[in-house]
Protein chains: 2
Amino acid sequence: MLGMSDGLTVPFALAAGLTGAISQSRLIVTAGLAEIVAGSIAMGLGGYLAARADAEHYANELRRERQEILVIPEAEAQEVREIFAGYGIDKENSAGVIESLRQRPADWAAFMMRFELGLEAPVPGRAWRSALTIAGSYVVGGIIPLSAYFMFADVRQALRVSALTTACALALFGGIKGRLTGVPVVRSSLQTCVIGGLAALAAFAMARWIAL
Amino acid sequence: MLGMSDGLTVPFALAAGLTGAISQSRLIVTAGLAEIVAGSIAMGLGGYLAARADAEHYANELRRERQEILVIPEAEAQEVREIFAGYGIDKENSAGVIESLRQRPADWAAFMMRFELGLEAPVPGRAWRSALTIAGSYVVGGIIPLSAYFMFADVRQALRVSALTTACALALFGGIKGRLTGVPVVRSSLQTCVIGGLAALAAFAMARWIAL
């Protein structure tokens, strides 16, 4: 889902922009497909590496916490005390939790990961799933605005159809995203449409301006 | 920084891809600039809305937690007990923390936000900063691979220079990113280069294949 609105917006805006400068549908399709391929790979691999980096960061920090709990338990206990002090909980009231953690080093390390560092344990296989989801969404999203240029040789006609189908897709996607993330559906729908429209308009103006 | 490697990779790959199909530097520059404008706006605004949505989500959840602490404190106390039980801490040992939280509802809500929901308080103004950083990095990143096409009328020559400058920029950027995120510098450098190269190669092959 993450790549979908970028996939809809950027190829649409690129194609619309080129319509201001190029009169052959075929060239616009070529540029659009090249963009979809480049964008989906760059973003998919980028997502993969980001997820892998997160997983490594987690593993490193976990190793460090375990080591510290083993070597300097007093300093770690003091850190727990300070975390609780940040919520106005004094030494006496946090003593029970600290005593309990001292008796289970593995739980203590997990506790520090979450409560000191705010890190979640990474889900195995997330990196690949994340990469494929982003890349796939980008491709699916990008094909929608481009399909009009496959069908119409006249680029102005293609642009009109492309704008219409892309606006519908953006509205639908924005609505679904709003539903999933708890943002009001109509607002989310409008927002994704406005982003796509603005990006397309700016790209169109830019390409027009260069071509003149 | 976030938009920089996308900004370097996608316009480079698009321009490289079009070099396989178009023989005029001017058209490639037009397509590249249209992509940069579209990409920077789409990603910048996307980043803005994502940060705004996070801030709203936080505010909504905080309101809900405060309400629950006021109306159903027993259920909330039970939730705290369960969080601690997840780390093997029993009822007796977590009692001190729970008693202490009961006496300060505001701290209690903050505690639930972090320890139950794992949410961080959003930094004010982050949405705009995030949008401008992403868009700015995308523009700066995108100008680098494209600049060769400004300078050389021969697209093959421009592609060679573009590949070289982009590879250097990706390596440098990957190194800096590795340094900031704690990933080994050389590996991070190579990774960003490989992503850019793969995306460009695929876009090039695709554009070539269509153009034939």
# chains A, B, ... in the order shown; residues from 1 in each chain; ligands from 1
$ residues_around --residues "segment 156-160 of chain A" --least-positions-apart "4" --cutoff "9 Å" --atoms "only C-alpha atoms" --output "list in words"
Phe12, Ala15, Ala16, Thr19, Gly20, Ser23, Ser25, Pro145, Leu146, Ser147, Ala148, Tyr149, Phe150, Met151, Phe152, Leu164 and Thr165 of chain A
$ interface_residues --of "chain B" --to "chain A" --cutoff "7 Å" --atoms "only C-alpha atoms" --output "number ranges by chain"
B: 6, 9-10, 13-14, 17-18, 30-31, 34-35, 37-39, 41-42, 45, 87-89, 93-94, 96-97, 100, 107, 111, 115, 118, 195-196, 199-200, 202-203, 206-207, 210
$ atom_distance --atom1 "atom CA of Glu79 of chain A" --atom2 "atom CA of Arg63 of chain A"
16.9 Å
$ select_by_dssp --residues "segment 66-115 of chain B" --states "alpha helix (DSSP H)" --output "PyMOL selection string"
chain B and resi 66-71+73-85+91-102+105-115
$ write_last_selection --atoms "N, CA and C atoms" --output "CSV table (one decimal), in the first residue's frame"
chain,number,residue,atom,x,y,z
B,66,ARG,N,-6.7,9.1,28.5
B,66,ARG,CA,-7.1,10.0,29.6
B,66,ARG,C,-8.5,9.7,30.0
B,67,GLN,N,-9.4,9.5,29.0
B,67,GLN,CA,-10.8,9.2,29.3
B,67,GLN,C,-10.9,7.9,30.1
B,68,GLU,N,-10.2,6.9,29.6
B,68,GLU,CA,-10.3,5.6,30.2
B,68,GLU,C,-9.8,5.6,31.7
B,69,ILE,N,-8.7,6.4,31.9
B,69,ILE,CA,-8.1,6.5,33.2
B,69,ILE,C,-9.1,7.1,34.2
B,70,LEU,N,-9.9,8.1,33.6
B,70,LEU,CA,-10.9,8.8,34.4
B,70,LEU,C,-12.1,7.9,34.7
B,71,VAL,N,-12.6,7.1,33.7
B,71,VAL,CA,-13.8,6.4,33.8
B,71,VAL,C,-13.7,5.0,34.2
B,73,PRO,N,-10.7,3.3,35.7
B,73,PRO,CA,-9.3,3.1,36.2
B,73,PRO,C,-8.9,1.7,36.6
B,74,GLU,N,-9.9,0.9,37.0
B,74,GLU,CA,-9.6,-0.5,37.3
B,74,GLU,C,-9.1,-1.3,36.1
B,75,ALA,N,-9.8,-1.1,35.0
B,75,ALA,CA,-9.4,-1.8,33.8
B,75,ALA,C,-8.0,-1.3,33.3
B,76,GLU,N,-7.7,0.0,33.5
B,76,GLU,CA,-6.4,0.5,33.1
B,76,GLU,C,-5.3,-0.1,34.0
B,77,ALA,N,-5.6,-0.2,35.3
B,77,ALA,CA,-4.7,-0.7,36.2
B,77,ALA,C,-4.4,-2.2,35.8
B,78,GLN,N,-5.4,-2.9,35.4
B,78,GLN,CA,-5.3,-4.3,35.0
B,78,GLN,C,-4.4,-4.4,33.8
B,79,GLU,N,-4.5,-3.4,32.8
B,79,GLU,CA,-3.7,-3.3,31.6
B,79,GLU,C,-2.2,-3.2,32.0
B,80,VAL,N,-1.9,-2.3,33.0
B,80,VAL,CA,-0.6,-2.1,33.4
B,80,VAL,C,0.0,-3.4,34.0
B,81,ARG,N,-0.8,-4.0,34.8
B,81,ARG,CA,-0.4,-5.3,35.4
B,81,ARG,C,-0.1,-6.3,34.3
B,82,GLU,N,-0.9,-6.3,33.3
B,82,GLU,CA,-0.6,-7.3,32.2
B,82,GLU,C,0.7,-7.0,31.4
B,83,ILE,N,0.9,-5.6,31.2
B,83,ILE,CA,2.2,-5.3,30.5
B,83,ILE,C,3.3,-5.8,31.3
B,84,PHE,N,3.3,-5.6,32.6
B,84,PHE,CA,4.4,-6.1,33.5
B,84,PHE,C,4.5,-7.6,33.5
B,85,ALA,N,3.3,-8.3,33.5
B,85,ALA,CA,3.3,-9.7,33.5
B,85,ALA,C,3.9,-10.3,32.3
B,91,LYS,N,2.0,-9.6,40.2
B,91,LYS,CA,1.1,-8.6,40.8
B,91,LYS,C,1.8,-7.8,42.0
B,92,GLU,N,2.4,-8.6,42.9
B,92,GLU,CA,3.0,-8.0,44.1
B,92,GLU,C,4.1,-7.0,43.7
B,93,ASN,N,4.9,-7.4,42.7
B,93,ASN,CA,6.0,-6.5,42.4
B,93,ASN,C,5.7,-5.3,41.5
B,94,SER,N,4.5,-5.4,40.8
B,94,SER,CA,4.1,-4.2,40.0
B,94,SER,C,3.2,-3.3,40.8
B,95,ALA,N,2.8,-3.7,42.0
B,95,ALA,CA,1.8,-2.9,42.8
B,95,ALA,C,2.3,-1.5,43.0
B,96,GLY,N,3.6,-1.4,43.4
B,96,GLY,CA,4.1,0.0,43.7
B,96,GLY,C,3.9,1.0,42.6
B,97,VAL,N,4.3,0.5,41.4
B,97,VAL,CA,4.2,1.4,40.2
B,97,VAL,C,2.7,1.8,40.0
B,98,ILE,N,1.8,0.8,40.1
B,98,ILE,CA,0.4,1.0,39.8
B,98,ILE,C,-0.2,2.0,40.8
B,99,GLU,N,0.2,1.8,42.1
B,99,GLU,CA,-0.3,2.8,43.1
B,99,GLU,C,0.1,4.2,42.8
B,100,SER,N,1.4,4.3,42.4
B,100,SER,CA,2.0,5.6,42.2
B,100,SER,C,1.3,6.3,41.0
B,101,LEU,N,1.0,5.5,39.9
B,101,LEU,CA,0.4,6.0,38.7
B,101,LEU,C,-1.0,6.5,39.0
B,102,ARG,N,-1.7,5.8,39.9
B,102,ARG,CA,-3.1,6.1,40.2
B,102,ARG,C,-3.2,7.6,40.8
B,105,PRO,N,-2.9,11.1,37.2
B,105,PRO,CA,-3.5,10.7,36.0
B,105,PRO,C,-2.8,11.2,34.7
B,106,ALA,N,-2.2,12.4,34.7
B,106,ALA,CA,-1.5,12.8,33.5
B,106,ALA,C,-0.3,11.9,33.2
B,107,ASP,N,0.5,11.7,34.3
B,107,ASP,CA,1.7,10.8,34.1
B,107,ASP,C,1.2,9.4,33.7
B,108,TRP,N,0.1,9.0,34.2
B,108,TRP,CA,-0.5,7.6,33.9
B,108,TRP,C,-0.8,7.5,32.4
B,109,ALA,N,-1.4,8.6,31.9
B,109,ALA,CA,-1.7,8.6,30.4
B,109,ALA,C,-0.5,8.6,29.6
B,110,ALA,N,0.5,9.4,30.0
B,110,ALA,CA,1.8,9.4,29.3
B,110,ALA,C,2.4,8.0,29.3
B,111,PHE,N,2.4,7.4,30.5
B,111,PHE,CA,2.9,6.0,30.6
B,111,PHE,C,2.3,5.0,29.7
B,112,MET,N,0.9,5.1,29.6
B,112,MET,CA,0.2,4.2,28.7
B,112,MET,C,0.6,4.4,27.3
B,113,MET,N,0.7,5.7,26.9
B,113,MET,CA,1.0,6.0,25.5
B,113,MET,C,2.4,5.3,25.1
B,114,ARG,N,3.3,5.4,26.0
B,114,ARG,CA,4.6,4.8,25.7
B,114,ARG,C,4.7,3.3,25.9
B,115,PHE,N,4.1,2.8,27.0
B,115,PHE,CA,4.4,1.4,27.4
B,115,PHE,C,3.3,0.5,26.9
$ atom_distance --atom1 "atom CA of Gly47 of chain B" --atom2 "atom CA of Arg64 of chain B"
25.8 Å
$ residues_around --residues "Ala55 of chain A" --least-positions-apart "5" --cutoff "10 Å" --atoms "only C-alpha atoms" --output "ChimeraX atom specification"
/A:49-50,60,120-124,126-127
$ atom_distance --atom1 "atom CA of Val186 of chain A" --atom2 "atom CA of Ala163 of chain A"
19.3 Å
$ residues_around --residues "Ala171 of chain B" --least-positions-apart "6" --cutoff "8 Å" --atoms "only C-alpha atoms" --output "number ranges by chain"
B: 189-190, 192-193
$ write_last_selection --atoms "C-alpha atoms" --output "PDB file, in the first residue's frame"
ATOM      1  CA  SER B 189      28.020   2.989   0.305  1.00  0.00           C
ATOM      2  CA  LEU B 190      27.980  -0.138  -1.863  1.00  0.00           C
ATOM      3  CA  THR B 192      23.051   2.531  -2.285  1.00  0.00           C
ATOM      4  CA  CYS B 193      25.216   2.240  -5.425  1.00  0.00           C
TER       5      CYS B 193
END
$ closest_residue --among "A:Ile72, A:Val185, A:Glu61, A:Tyr48" --to "Leu132 of chain A" --atoms "only C-alpha atoms"
A:Tyr48
